[in-house]
Amino acid sequence: MNKVEALPRMDTASECAESALDASVVKQPKRVMGAFSATMIVVASMVGTGVFTTTGILLETTPSAPAVLWGWLIGGIIAFFGALSYAELVAMQPKNGGEYQILSRVFHPAVGFVAGWISLIVGFSAPIASTAMAFGKYATAGFPAIHEFWAALIIIIALSAVHAIRVTLGSAIQNAFTILKLLLVGSFIVGGFCLGDFSRLTAETPAETWQTMLTPGFAIGLIFVTYAYTGWNGSAYIAGEVKNPSKSLPLAFALGTLIVTLIYLGLNTVFLISAPVDALSGTIEIGAITAASLFGTHTGQIFSIVIALLLVSSLSAMIMAGPRIYQSMGADYPAFRFLTRRKGDSGPICAIILQALISIGMLLTARFDELITYMGFTLSVSSALTVFGLFVMRHRAPNAPRPYRCWGYPVTPILFIGLSLWMIIFTFIQTPQVAIAGTATILAGLGLYFLVRPKDAIPHNNVKNNVNR
C-alpha cells in the first residue's frame with residue numbers, strides 16, 4: 001500500500017506538527033455527501049448569528065423598519081447573484097477549497113493563498129468566535145446559571161471534536177440540527193405573523209424609506225446584512241466531497257440561498273412587527289426580545305434556549321467547511337502539509353485543531369460588533385474578486401467544460417460586484433479603522449505567501465492551462 005493510502009496513527013495534536021516533516025503524505029477526501037447535505041450546509045452556514053443579532057445593530061444606523069427590511073432583501077439578492085456565479089466556477093473544478101482553489105487558478109497562486117488566509121482568519125475562525133459568543137449570550141439568557149464564556153468555549157471544542165472524528169458523523173449531526181432549525185424557525189415566523197403589529201411597517205411613507213436607503217448609514221448597515229448572509233458559498237469549500245458535483249453543487253448554491261432569503265425576510269418581518277424600533281435598536285439578543293414581546297417573558301426565555309440550539313447548526317457547518325480550505329492549501333504548500341492529515345474517514349484533524357485554536361483566541365480578545373464589521377468588509381473584497389474571476393474565465397477559457405453556466409450572465413455577476421464595491425467604498429469612508437484592519441489582513445497573507453511558497457513551484461501559466469490541468 002502506498003503512502004497516500006496508509007496514514008500513520010495520530011493520537012494527539014502534537015503529531016500534527018510532526019507530520020509536517022513528511023511532505024509526501026496527502027490523503028484525498030472521498031465523495032460521501034449528496035445534494036441534500038450540500039444544501040443543508042449552505043442553509044446552516046447562513047442561518048445563524050447574523051439573523052438573530054444583526055437587525056438590532058442595523059437599526060442603530062438605519063432607524064427605519066421598512067428600510068431595514070429592504071436591506072435584508074437586497075442582501076438576499078446579492079447573495080443569490082454571488083451563488084449563481086460561484087456555481088459555475090466550482091462546477092468546472094469541484095475541489096475542496098472555495099476561493100483558494102478558484103483564485104489560484106484564475107489569477108495567481110499568491111491571490112489564492114491570500115484568499116485562503118482570509119478564509120482561515122476572517123471567513124471561519126472569526127465567525128466561529130462570534131457565533132460562539134452569541135451562543136453563550138442566548139444560553140445564559142435561557143439558563144442564567146450558565147456562564148456565557150464557558151458555554152462558548154465548550155461548544156467550539158465539542159463540535160470540533162465531532163467533525164475531527166468522522167466525516168459521516170459530522171454530516172449526520174449537521175443535517176439533523178439544520179432540519180430542527182428550519183422547523184423551529186418556521187414555527188416562530190407563523191406565530192409572529194399571527195400576533196405581530198404590521199402597522200409598524202407602514203408608519204412611514206415610501207419617500208421617507210427611500211431617503212433613508214440613500215444614506216451612508218444604510219450602506220454600512222448592508223455590511224452587517226452581508227455578514228448575516230455569509231455562508232451562501234458554503235458548498236464551495238466541501239466541493240471535493242460532494243457526489244455528482246456538476247449537478248449537486250449548483251442546486252445547493254441556488255436552492256440553499258433562496259431558502260435562506262425567504263427565511264430571513266420572514267424572521268425580520270416578525271422582529272420588526274413585534275416591538276417599536278426604539279426597543280429593538282442596539283440589542284444583540286433581538287430574538288429573545290421579540291419572543292418575549294410576542295409570546296410573554298417566560299416564552300422569551302425558552303426561545304433563547306431554542307436560538308442557542310439553532311446556533312449549534314451554524315457553528316457545526318463552519319467548523320466542517322473551513323478546514324477543507326486549509327487542507328487544500330496544505331496539499332500545495334509543504335510548510336502547511338500537516339493540515340492535510342486525515343485518519344481513516346476522519347475530517348482534516350490538524351486543520352480543525354488550528355481553526356479551533358484561532359477561534360478560541362478571538363473569543364478571548366475580540367468584541368462581537370468589531371468582529372462583524374471586520375468580517376463583512378474583508379469577505380466582501382474576497383467574494384467580489386472571485387466573482388470577477390467568472391469574467392476572466394469566460395474570456396480566457398471560453399471552450400472549457402462548463403457543467404453549469406451562470407444564469408443571467410453578465411448582468412447578475414456585474415450587479416454582485418457593483419453592490420459589493422458600494423459597501424466596500426462606504427466602509428472606507430465611514431469606518432476607516434475597519435478598512436485598515438481588513439487591508440492589513442490581506443497584506444499579511446501576501447507576505448506569508450512569499451515566505452512559504454515552494455522554491456521549485458511551477459510558474460503560473462494562463463487560466464486556460466490551469467483549467468485543463
# chains A, B, ... in the order shown; residues from 1 in each chain; ligands from 1

$ residues_around --residues "Thr39 of chain A" --least-positions-apart "4" --cutoff "9 Å" --atoms "only C-alpha atoms" --output "VMD selection string"
chain A and resid 34 to 35 43 to 44 234 to 235 248 to 249 251 to 257

$ residues_around --residues "Val312 of chain A" --least-positions-apart "6" --cutoff "8 Å" --atoms "only C-alpha atoms" --output "ChimeraX atom specification"
/A:135,155,177

$ write_last_selection --atoms "C-alpha atoms" --output "mmCIF file, in the first residue's frame"
data_model
loop_
_atom_site.group_PDB
_atom_site.id
_atom_site.type_symbol
_atom_site.label_atom_id
_atom_site.label_comp_id
_atom_site.auth_asym_id
_atom_site.auth_seq_id
_atom_site.Cartn_x
_atom_site.Cartn_y
_atom_site.Cartn_z
ATOM 1 C CA PHE A 135 -24.493 31.057 21.595
ATOM 2 C CA ILE A 155 -19.309 24.357 22.114
ATOM 3 C CA PHE A 177 -29.651 20.195 13.588
#

$ residues_around --residues "Phe143 of chain A" --least-positions-apart "6" --cutoff "12 Å" --atoms "only C-alpha atoms" --output "ChimeraX atom specification"
/A:135-137,151,298,300-306,308

$ closest_residue --among "A:Ile128, A:Ile102, A:Cys194, A:Ala279" --to "Val387 of chain A" --atoms "only C-alpha atoms"
A:Ile102

$ closest_residue --among "A:Ile220, A:Leu103, A:Leu339, A:Leu84" --to "Pro432 of chain A" --atoms "only C-alpha atoms"
A:Ile220

$ residues_around --residues "segment 198-213 of chain A" --least-positions-apart "6" --cutoff "10 Å" --atoms "only C-alpha atoms" --output "ChimeraX atom specification"
/A:61-71,219,221,269-270,272-277

$ closest_residue --among "A:Ile118, A:Leu294, A:Ala158, A:Leu311" --to "Thr378 of chain A" --atoms "only C-alpha atoms"
A:Ile118

$ residues_around --residues "Ser45 of chain A" --least-positions-apart "2" --cutoff "7 Å" --atoms "only C-alpha atoms" --output "tab-separated table (two decimals) with N, CA and C atoms, in the first residue's frame"
chain	number	residue	atom	x	y	z
A	41	ILE	N	-25.69	22.39	4.26
A	41	ILE	CA	-24.51	23.13	4.69
A	41	ILE	C	-24.67	24.60	4.36
A	42	VAL	N	-25.20	24.90	3.17
A	42	VAL	CA	-25.45	26.29	2.79
A	42	VAL	C	-26.45	26.93	3.75
A	43	VAL	N	-27.56	26.25	3.99
A	43	VAL	CA	-28.60	26.78	4.88
A	43	VAL	C	-28.05	26.97	6.30
A	47	VAL	N	-28.01	30.62	8.20
A	47	VAL	CA	-28.98	30.92	9.27
A	47	VAL	C	-28.32	30.71	10.61
A	48	GLY	N	-27.76	31.77	11.13
A	48	GLY	CA	-27.04	31.65	12.39
A	48	GLY	C	-27.00	32.96	13.15
A	231	GLY	N	-22.03	32.49	4.04
A	231	GLY	CA	-22.31	31.06	4.04
A	231	GLY	C	-23.02	30.61	2.78
A	234	GLY	N	-21.08	28.20	1.03
A	234	GLY	CA	-20.60	27.12	1.89
A	234	GLY	C	-20.25	25.84	1.16
A	314	SER	N	-25.15	26.28	12.85
A	314	SER	CA	-24.27	27.20	12.14
A	314	SER	C	-22.82	26.96	12.50
A	317	ALA	N	-21.59	23.81	10.78
A	317	ALA	CA	-21.34	23.97	9.35
A	317	ALA	C	-20.01	24.66	9.10
A	318	MET	N	-19.71	25.69	9.87
A	318	MET	CA	-18.45	26.41	9.68
A	318	MET	C	-17.25	25.57	10.10

$ residues_around --residues "Ala83 of chain A" --least-positions-apart "3" --cutoff "7 Å" --atoms "only C-alpha atoms" --output "NGL selection string"
:A and (79-80 or 86-87 or 232-233 or 253-254)

$ residues_around --residues "Leu443 of chain A" --least-positions-apart "3" --cutoff "12 Å" --atoms "only C-alpha atoms" --output "list in words"
Ala110, Val111, Phe113, Val114, Ala115, Trp117, Ile118, Thr378, Ile436, Ala437, Gly438, Thr439, Ala440, Leu446, Gly447, Leu448, Tyr449 and Phe450 of chain A

$ write_last_selection --atoms "N, CA, C and O atoms" --output "PDB file, in the first residue's frame"
ATOM      1  N   ALA A 110      -0.589  33.350  -5.601  1.00  0.00           N
ATOM      2  CA  ALA A 110      -0.491  34.304  -4.494  1.00  0.00           C
ATOM      3  C   ALA A 110      -1.869  34.840  -4.114  1.00  0.00           C
ATOM      4  O   ALA A 110      -2.189  35.003  -2.925  1.00  0.00           O
ATOM      5  N   VAL A 111      -2.700  35.106  -5.123  1.00  0.00           N
ATOM      6  CA  VAL A 111      -4.048  35.613  -4.863  1.00  0.00           C
ATOM      7  C   VAL A 111      -4.879  34.544  -4.162  1.00  0.00           C
ATOM      8  O   VAL A 111      -5.616  34.824  -3.213  1.00  0.00           O
ATOM      9  N   PHE A 113      -3.710  32.092  -2.333  1.00  0.00           N
ATOM     10  CA  PHE A 113      -3.187  31.904  -0.981  1.00  0.00           C
ATOM     11  C   PHE A 113      -3.744  32.960  -0.038  1.00  0.00           C
ATOM     12  O   PHE A 113      -4.141  32.653   1.090  1.00  0.00           O
ATOM     13  N   VAL A 114      -3.783  34.222  -0.498  1.00  0.00           N
ATOM     14  CA  VAL A 114      -4.336  35.292   0.333  1.00  0.00           C
ATOM     15  C   VAL A 114      -5.804  35.018   0.645  1.00  0.00           C
ATOM     16  O   VAL A 114      -6.275  35.232   1.769  1.00  0.00           O
ATOM     17  N   ALA A 115      -6.546  34.507  -0.358  1.00  0.00           N
ATOM     18  CA  ALA A 115      -7.953  34.167  -0.126  1.00  0.00           C
ATOM     19  C   ALA A 115      -8.078  33.058   0.912  1.00  0.00           C
ATOM     20  O   ALA A 115      -8.977  33.082   1.765  1.00  0.00           O
ATOM     21  N   TRP A 117      -5.909  32.462   3.296  1.00  0.00           N
ATOM     22  CA  TRP A 117      -5.549  33.100   4.558  1.00  0.00           C
ATOM     23  C   TRP A 117      -6.736  33.878   5.128  1.00  0.00           C
ATOM     24  O   TRP A 117      -7.038  33.807   6.328  1.00  0.00           O
ATOM     25  N   ILE A 118      -7.445  34.620   4.256  1.00  0.00           N
ATOM     26  CA  ILE A 118      -8.633  35.355   4.678  1.00  0.00           C
ATOM     27  C   ILE A 118      -9.685  34.388   5.202  1.00  0.00           C
ATOM     28  O   ILE A 118     -10.362  34.650   6.205  1.00  0.00           O
ATOM     29  N   THR A 378     -13.912  42.492   4.821  1.00  0.00           N
ATOM     30  CA  THR A 378     -12.857  41.669   4.226  1.00  0.00           C
ATOM     31  C   THR A 378     -13.431  40.592   3.319  1.00  0.00           C
ATOM     32  O   THR A 378     -12.892  40.315   2.231  1.00  0.00           O
ATOM     33  N   ILE A 436      -8.806  49.526   7.352  1.00  0.00           N
ATOM     34  CA  ILE A 436      -7.364  49.369   7.564  1.00  0.00           C
ATOM     35  C   ILE A 436      -7.053  47.979   8.118  1.00  0.00           C
ATOM     36  O   ILE A 436      -6.098  47.319   7.689  1.00  0.00           O
ATOM     37  N   ALA A 437      -7.869  47.519   9.071  1.00  0.00           N
ATOM     38  CA  ALA A 437      -7.657  46.176   9.645  1.00  0.00           C
ATOM     39  C   ALA A 437      -7.821  45.104   8.577  1.00  0.00           C
ATOM     40  O   ALA A 437      -7.032  44.148   8.498  1.00  0.00           O
ATOM     41  N   GLY A 438      -8.858  45.255   7.716  1.00  0.00           N
ATOM     42  CA  GLY A 438      -9.068  44.287   6.646  1.00  0.00           C
ATOM     43  C   GLY A 438      -7.933  44.298   5.645  1.00  0.00           C
ATOM     44  O   GLY A 438      -7.451  43.239   5.201  1.00  0.00           O
ATOM     45  N   THR A 439      -7.469  45.502   5.278  1.00  0.00           N
ATOM     46  CA  THR A 439      -6.350  45.621   4.341  1.00  0.00           C
ATOM     47  C   THR A 439      -5.080  45.030   4.934  1.00  0.00           C
ATOM     48  O   THR A 439      -4.301  44.366   4.239  1.00  0.00           O
ATOM     49  N   ALA A 440      -4.860  45.264   6.221  1.00  0.00           N
ATOM     50  CA  ALA A 440      -3.683  44.706   6.888  1.00  0.00           C
ATOM     51  C   ALA A 440      -3.714  43.178   6.877  1.00  0.00           C
ATOM     52  O   ALA A 440      -2.681  42.517   6.701  1.00  0.00           O
ATOM     53  N   LEU A 446      -0.381  38.081   2.015  1.00  0.00           N
ATOM     54  CA  LEU A 446       0.529  38.170   0.875  1.00  0.00           C
ATOM     55  C   LEU A 446       1.973  37.998   1.322  1.00  0.00           C
ATOM     56  O   LEU A 446       2.767  37.301   0.675  1.00  0.00           O
ATOM     57  N   GLY A 447       2.323  38.620   2.451  1.00  0.00           N
ATOM     58  CA  GLY A 447       3.678  38.455   2.974  1.00  0.00           C
ATOM     59  C   GLY A 447       3.973  37.015   3.351  1.00  0.00           C
ATOM     60  O   GLY A 447       5.068  36.498   3.089  1.00  0.00           O
ATOM     61  N   LEU A 448       2.995  36.342   3.956  1.00  0.00           N
ATOM     62  CA  LEU A 448       3.171  34.948   4.337  1.00  0.00           C
ATOM     63  C   LEU A 448       3.365  34.064   3.113  1.00  0.00           C
ATOM     64  O   LEU A 448       4.153  33.111   3.144  1.00  0.00           O
ATOM     65  N   TYR A 449       2.667  34.393   2.027  1.00  0.00           N
ATOM     66  CA  TYR A 449       2.816  33.609   0.792  1.00  0.00           C
ATOM     67  C   TYR A 449       4.263  33.596   0.323  1.00  0.00           C
ATOM     68  O   TYR A 449       4.808  32.539  -0.038  1.00  0.00           O
ATOM     69  N   PHE A 450       4.903  34.742   0.320  1.00  0.00           N
ATOM     70  CA  PHE A 450       6.282  34.813  -0.161  1.00  0.00           C
ATOM     71  C   PHE A 450       7.259  34.104   0.781  1.00  0.00           C
ATOM     72  O   PHE A 450       8.351  33.703   0.371  1.00  0.00           O
TER      73      PHE A 450
END

$ select_by_dssp --residues "segment 154-363 of chain A" --states "helix (DSSP H, G or I)" --output "ChimeraX atom specification"
/A:154-165,167-195,198-201,206-213,216-229,234-237,239-241,245-274,277-280,286-295,297-332,334-340,349-363

$ closest_residue --among "A:Ala152, A:Ile238, A:Leu258, A:Phe377" --to "Thr427 of chain A" --atoms "only C-alpha atoms"
A:Phe377

$ atom_distance --atom1 "atom CA of Tyr138 of chain A" --atom2 "atom CA of Ala321 of chain A"
24.1 Å
